[in-house]
2 protein chains.
Amino acid sequence: MNQERTLYEKVREDILNGTFDKTEKMTEVKLAKLYEVSRTPIREVLKQLEFEYLVKDGYIYTPSPEDYRNLFEMRILIESHAVEKAVLLFVDEDLKELRNYIKQAKDGDASLTLKANKNFHDKLVRAIRNPFLSETYDRLNSTIYLFSRTVVEKQRPELLDEHEAIVQSIEDRKIDHAKQQIISHLQKDLEFTLYYM
Amino acid sequence: MNQERTLYEKVREDILNGTFDKTEKMTEVKLAKLYEVSRTPIREVLKQLEFEYLVKDGYIYTPSPEDYRNLFEMRILIESHAVEKAVLLFVDEDLKELRNYIKQAKDGDASLTLKANKNFHDKLVRAIRNPFLSETYDRLNSTIYLFSRTVVEKQRPELLDEHEAIVQSIEDRKIDHAKQQIISHLQKDLEFTLYYM
DNA sequence: TATATTAAAAATGTATACATTTAATACGAA
DNA sequence: TTCGTATTAAATGTATACATTTTTAATATA
């Protein structure tokens, strides 16, 4: 398998793993030396990282609680729209896939649970079948990852029950109910994580 | 007043005004010569233009009807959310401002109508008070502009009546009604314009 | 004619030098 | 000291040379 990580992947992972000091400036010259490339590709990477809310004005972006609420408002808007679509489109096989992710999250270790929960939400979003909305959702990937890590590590109560309830509402074709459930689910993730951060 | 347009603004306007041939490649070298700058700032500008769906893979982006439907799905999702917020937040002064834009659109020439209609929708979106969602909406600016131009030039029927009905529903605090009206309004813009493009 | 194959050209990717702007520091006057 | 100003240093912006990749075109072969 291909082990070659792109420069973007390297820098992104280093940020997510807390390698950088949040108070120090991420200057192009410094990063270029660190990763042994020139400033040109570093600039490209910084742009991408700003796009996904990991970097801002040359510093690691440290969103305020207000910022996180706004980012989650965006996430909730997209995911609740997705659930509406899922109610209209998902067939038995899709529901089975969703339940499979819940099971994986239940049985696996933290790392596997993290992946399974991501797969669960990504599967929902794919119900939208709209590349522009998908890209907008993907912009939130890093933010969602950071939240999900806290939620899983600190073992937020009821999380998987909420997932199961959402699947059930989709299966029962209850649009409003399903939407309300995903909204409340994500709001709980938000408040829980804000409390621990 | 400041007349100095940035390179980004120049290229963007030239694209919107149809200066470029949609079939020819927008190579960095060519554009650099044309605008008498080096490739570096041109690359920056091309990235921005890709961000707002005006350029793709070095060509002017010519979305398919399917693409336009997807872009409008995104627009509708944001604007209907905005209207929900407007019902909860807008006071008399805000409603007055909205009605003012309708009046301007009614009385002015095409150019003024275009601006007034943009102001109307921008005012709605500002009800969200979420910089991330605003930025996502702004990404659609060029697309919305191209549609609005057709709608105004070809004088789509009922357009301003629909605006007025939306304001009225906001004033009456009828969330579901107002949302349904903005959705239907935007879908009409979409279908009307697709028909003429 | 259609299809590979390869040579040439032209594009983008990267490194780097230089220009300009912005930030940091040092110094002097109130 | 504190504030303003000048000087310097360091950052980003831009141009450009060179490397690599991609596209085009030309030629040969089925």
# chains A, B, ... in the order shown; residues from 1 in each chain; ligands from 1
>>> interface_residues(of="chain A", to="chain D", cutoff="9 Å", atoms="only C-alpha atoms (C1' of nucleotides)", output="short mmCIF file (atom, residue, chain, number, x, y, z; two decimals) with N, CA and C atoms, in the first residue's frame")
data_model
loop_
_atom_site.label_atom_id
_atom_site.label_comp_id
_atom_site.auth_asym_id
_atom_site.auth_seq_id
_atom_site.Cartn_x
_atom_site.Cartn_y
_atom_site.Cartn_z
N THR A 27 5.17 30.66 10.09
CA THR A 27 5.66 31.40 8.93
C THR A 27 6.05 30.44 7.81
N GLU A 28 5.97 30.96 6.60
CA GLU A 28 6.28 30.13 5.44
C GLU A 28 7.73 29.67 5.47
N VAL A 29 8.62 30.57 5.85
CA VAL A 29 10.05 30.23 5.88
C VAL A 29 10.30 29.09 6.87
#
>>> closest_atom_pairs(of="chain C", to="chain A", cutoff="9 Å", atoms="only C-alpha atoms (C1' of nucleotides)", output="CSV")
residue,atom,partner,partner_atom,distance
C:DG13,C1',A:Pro41,CA,8.5
C:DT14,C1',A:Thr40,CA,6.8
C:DA15,C1',A:Ser38,CA,5.9
C:DT16,C1',A:Ser38,CA,8.3
>>> write_last_selection(atoms="N, CA, C and O atoms (P, O5', C5', C4', C3', O3' and C1' of nucleotides)", output="compact mmCIF listing (two decimals), in the first residue's frame")
# COMPACT_ATOMS: atom_id res chain seq x y z
P DG C 13 0.25 22.61 -10.85
O5' DG C 13 1.77 22.27 -10.54
C5' DG C 13 2.19 20.91 -10.56
C4' DG C 13 3.59 20.79 -9.96
C3' DG C 13 3.75 21.40 -8.57
O3' DG C 13 4.56 20.51 -7.80
C1' DG C 13 5.29 22.42 -10.07
P DT C 14 4.88 20.83 -6.28
O5' DT C 14 6.27 21.59 -6.40
C5' DT C 14 7.42 20.86 -6.85
C4' DT C 14 8.61 21.79 -6.86
C3' DT C 14 8.90 22.49 -5.53
O3' DT C 14 10.14 22.01 -5.08
C1' DT C 14 9.11 23.97 -7.39
P DA C 15 10.80 22.50 -3.71
O5' DA C 15 11.82 23.63 -4.22
C5' DA C 15 12.82 23.25 -5.16
C4' DA C 15 13.65 24.48 -5.56
C3' DA C 15 14.22 25.29 -4.39
O3' DA C 15 15.60 25.50 -4.66
C1' DA C 15 13.02 26.71 -5.88
P DT C 16 16.54 26.24 -3.61
O5' DT C 16 16.50 27.76 -4.08
C5' DT C 16 16.83 28.05 -5.44
C4' DT C 16 16.61 29.52 -5.70
C3' DT C 16 17.00 30.46 -4.57
O3' DT C 16 17.72 31.54 -5.14
C1' DT C 16 14.89 31.00 -5.32
>>> interface_residues(of="chain B", to="chain A", cutoff="9 Å", atoms="only C-alpha atoms", output="tab-separated table (two decimals) with N, CA and C atoms, in the first residue's frame")
chain	number	residue	atom	x	y	z
B	67	ASP	N	-25.50	20.58	-12.54
B	67	ASP	CA	-24.63	21.35	-11.65
B	67	ASP	C	-25.37	22.56	-11.08
B	70	ASN	N	-27.66	21.63	-8.43
B	70	ASN	CA	-26.95	21.34	-7.18
B	70	ASN	C	-26.49	22.62	-6.49
B	71	LEU	N	-26.01	23.58	-7.29
B	71	LEU	CA	-25.61	24.85	-6.69
B	71	LEU	C	-26.83	25.54	-6.06
B	73	GLU	N	-29.46	24.02	-4.92
B	73	GLU	CA	-29.86	23.27	-3.71
B	73	GLU	C	-29.12	23.85	-2.51
B	74	MET	N	-27.86	24.17	-2.74
B	74	MET	CA	-27.04	24.76	-1.67
B	74	MET	C	-27.57	26.14	-1.30
B	77	LEU	N	-30.85	25.86	0.55
B	77	LEU	CA	-30.66	25.39	1.93
B	77	LEU	C	-30.28	26.56	2.84
B	78	ILE	N	-29.36	27.40	2.36
B	78	ILE	CA	-28.91	28.52	3.18
B	78	ILE	C	-29.99	29.59	3.30
B	81	HIS	N	-32.89	28.64	5.52
B	81	HIS	CA	-32.45	28.74	6.91
B	81	HIS	C	-32.43	30.21	7.36
B	129	ARG	N	-26.38	35.57	10.76
B	129	ARG	CA	-25.31	36.01	11.66
B	129	ARG	C	-24.32	34.90	11.94
B	130	ASN	N	-23.84	34.30	10.88
B	130	ASN	CA	-22.87	33.23	11.00
B	130	ASN	C	-21.85	33.41	9.88
B	131	PRO	N	-20.63	33.86	10.23
B	131	PRO	CA	-19.64	34.18	9.19
B	131	PRO	C	-19.29	32.98	8.30
B	132	PHE	N	-19.36	31.76	8.84
B	132	PHE	CA	-19.01	30.60	8.03
B	132	PHE	C	-20.08	30.33	6.98
B	133	LEU	N	-21.33	30.43	7.40
B	133	LEU	CA	-22.42	30.25	6.45
B	133	LEU	C	-22.46	31.41	5.44
B	136	THR	N	-19.91	30.76	2.83
B	136	THR	CA	-20.37	29.70	1.94
B	136	THR	C	-21.39	30.24	0.94
>>> residues_around(residues="Ile60 in chain A", least_positions_apart="6", cutoff="10 Å", atoms="only C-alpha atoms (C1' of nucleotides)", output="ChimeraX atom specification")
/A:15,20-26,49-50,53-54
>>> closest_atom_pairs(of="range 23-108 of chain A", to="range 119-125 of chain A", cutoff="6 Å", atoms="only C-alpha atoms", output="CSV")
residue,atom,partner,partner_atom,distance
A:Ala82,CA,A:Val125,CA,5.1
A:Leu98,CA,A:Phe120,CA,5.8
A:Tyr101,CA,A:Phe120,CA,5.8
>>> atom_distance(atom1="CA of Ile102 in chain A", atom2="CA of Glu158 in chain A")
12.1 Å
>>> select_by_dssp(residues="range 13-141 of chain B", states="alpha helix (DSSP H)", output="ChimeraX atom specification")
/B:13-16,28-34,39-51,65-89,92-107,110-126,131-138,141
>>> select_by_dssp(residues="range 18-157 of chain B", states="strand (DSSP E)", output="list in words")
Val55, Lys56, Tyr59 and Ile60 of chain B
>>> residues_around(residues="Leu89 in chain A", least_positions_apart="2", cutoff="10 Å", atoms="only C-alpha atoms (C1' of nucleotides)", output="PyMOL selection string")
chain A and resi 83-87+91+94+127-128+170+173
>>> atom_distance(atom1="CA of Val152 in chain A", atom2="CA of Thr62 in chain A")
20.8 Å
>>> residues_around(residues="Leu190 in chain B", least_positions_apart="3", cutoff="8 Å", atoms="only C-alpha atoms (C1' of nucleotides)", output="PyMOL selection string")
chain B and resi 68-69+72+147+186-187+193-194
>>> atom_distance(atom1="CA of Asp14 in chain B", atom2="CA of Gln104 in chain B")
27.2 Å
>>> decode(residues="range 24-56 of chain A", atoms="N, CA, C and O atoms", output="compact mmCIF listing (two decimals), in the first residue's frame")
# COMPACT_ATOMS: atom_id res chain seq x y z
N GLU A 24 2.71 30.26 18.46
CA GLU A 24 3.78 30.69 17.56
C GLU A 24 3.28 30.78 16.13
O GLU A 24 2.45 30.01 15.68
N LYS A 25 3.84 31.75 15.43
CA LYS A 25 3.42 31.97 14.05
C LYS A 25 3.93 30.87 13.13
O LYS A 25 5.07 30.45 13.24
N MET A 26 3.06 30.41 12.25
CA MET A 26 3.45 29.40 11.26
C MET A 26 3.97 30.13 10.02
O MET A 26 3.28 30.19 9.00
N THR A 27 5.17 30.66 10.09
CA THR A 27 5.66 31.40 8.93
C THR A 27 6.05 30.44 7.81
O THR A 27 6.44 29.30 8.05
N GLU A 28 5.97 30.96 6.60
CA GLU A 28 6.28 30.13 5.44
C GLU A 28 7.73 29.67 5.47
O GLU A 28 8.02 28.50 5.18
N VAL A 29 8.62 30.57 5.85
CA VAL A 29 10.05 30.23 5.88
C VAL A 29 10.30 29.09 6.87
O VAL A 29 11.00 28.12 6.55
N LYS A 30 9.72 29.22 8.04
CA LYS A 30 9.93 28.21 9.08
C LYS A 30 9.42 26.84 8.62
O LYS A 30 10.12 25.82 8.72
N LEU A 31 8.20 26.82 8.09
CA LEU A 31 7.61 25.56 7.64
C LEU A 31 8.38 24.97 6.47
O LEU A 31 8.57 23.75 6.37
N ALA A 32 8.85 25.85 5.59
CA ALA A 32 9.61 25.38 4.43
C ALA A 32 10.86 24.65 4.89
O ALA A 32 11.19 23.56 4.40
N LYS A 33 11.55 25.22 5.86
CA LYS A 33 12.75 24.56 6.40
C LYS A 33 12.38 23.24 7.08
O LYS A 33 12.99 22.20 6.84
N LEU A 34 11.35 23.29 7.91
CA LEU A 34 10.93 22.12 8.67
C LEU A 34 10.59 20.93 7.78
O LEU A 34 10.98 19.79 8.06
N TYR A 35 9.89 21.20 6.70
CA TYR A 35 9.46 20.10 5.82
C TYR A 35 10.38 19.94 4.61
O TYR A 35 10.10 19.14 3.71
N GLU A 36 11.45 20.73 4.60
CA GLU A 36 12.46 20.63 3.54
C GLU A 36 11.89 20.77 2.13
O GLU A 36 12.14 19.94 1.26
N VAL A 37 11.08 21.80 1.99
CA VAL A 37 10.60 22.18 0.65
C VAL A 37 10.73 23.69 0.55
O VAL A 37 11.15 24.34 1.51
N SER A 38 10.36 24.24 -0.58
CA SER A 38 10.43 25.69 -0.72
C SER A 38 9.13 26.34 -0.25
O SER A 38 8.18 25.65 0.10
N ARG A 39 9.12 27.66 -0.24
CA ARG A 39 7.93 28.36 0.25
C ARG A 39 6.70 28.12 -0.63
O ARG A 39 5.57 28.12 -0.14
N THR A 40 6.93 27.91 -1.91
CA THR A 40 5.81 27.80 -2.85
C THR A 40 4.81 26.69 -2.46
O THR A 40 3.62 26.99 -2.29
N PRO A 41 5.25 25.45 -2.32
CA PRO A 41 4.27 24.43 -1.92
C PRO A 41 3.71 24.65 -0.51
O PRO A 41 2.56 24.28 -0.25
N ILE A 42 4.50 25.27 0.36
CA ILE A 42 4.00 25.56 1.72
C ILE A 42 2.82 26.52 1.65
O ILE A 42 1.82 26.35 2.35
N ARG A 43 2.93 27.51 0.80
CA ARG A 43 1.83 28.47 0.66
C ARG A 43 0.55 27.79 0.21
O ARG A 43 -0.54 28.06 0.72
N GLU A 44 0.72 26.89 -0.75
CA GLU A 44 -0.42 26.12 -1.25
C GLU A 44 -1.10 25.38 -0.10
O GLU A 44 -2.32 25.41 0.06
N VAL A 45 -0.27 24.72 0.70
CA VAL A 45 -0.78 23.92 1.81
C VAL A 45 -1.48 24.81 2.84
O VAL A 45 -2.55 24.47 3.34
N LEU A 46 -0.89 25.95 3.14
CA LEU A 46 -1.50 26.85 4.12
C LEU A 46 -2.88 27.31 3.64
O LEU A 46 -3.82 27.42 4.45
N LYS A 47 -3.00 27.54 2.36
CA LYS A 47 -4.31 27.91 1.79
C LYS A 47 -5.34 26.82 2.04
O LYS A 47 -6.46 27.09 2.46
N GLN A 48 -4.95 25.59 1.79
CA GLN A 48 -5.86 24.46 1.98
C GLN A 48 -6.26 24.34 3.45
O GLN A 48 -7.41 24.06 3.76
N LEU A 49 -5.28 24.54 4.32
CA LEU A 49 -5.55 24.40 5.74
C LEU A 49 -6.44 25.53 6.25
O LEU A 49 -7.26 25.34 7.15
N GLU A 50 -6.30 26.70 5.65
CA GLU A 50 -7.21 27.81 5.99
C GLU A 50 -8.61 27.47 5.51
O GLU A 50 -9.60 27.77 6.18
N PHE A 51 -8.67 26.83 4.36
CA PHE A 51 -9.96 26.43 3.78
C PHE A 51 -10.74 25.54 4.75
O PHE A 51 -11.96 25.68 4.88
N GLU A 52 -10.02 24.66 5.41
CA GLU A 52 -10.71 23.75 6.33
C GLU A 52 -10.62 24.18 7.79
O GLU A 52 -10.73 23.36 8.71
N TYR A 53 -10.40 25.46 8.00
CA TYR A 53 -10.48 26.04 9.35
C TYR A 53 -9.46 25.48 10.32
O TYR A 53 -9.74 25.36 11.52
N LEU A 54 -8.27 25.15 9.82
CA LEU A 54 -7.22 24.67 10.72
C LEU A 54 -6.18 25.76 10.95
O LEU A 54 -5.43 25.72 11.92
N VAL A 55 -6.10 26.70 10.03
CA VAL A 55 -5.10 27.76 10.10
C VAL A 55 -5.80 29.07 9.77
O VAL A 55 -6.74 29.10 8.97
N LYS A 56 -5.37 30.12 10.43
CA LYS A 56 -5.93 31.45 10.12
C LYS A 56 -4.87 32.51 10.36
O LYS A 56 -4.28 32.56 11.45
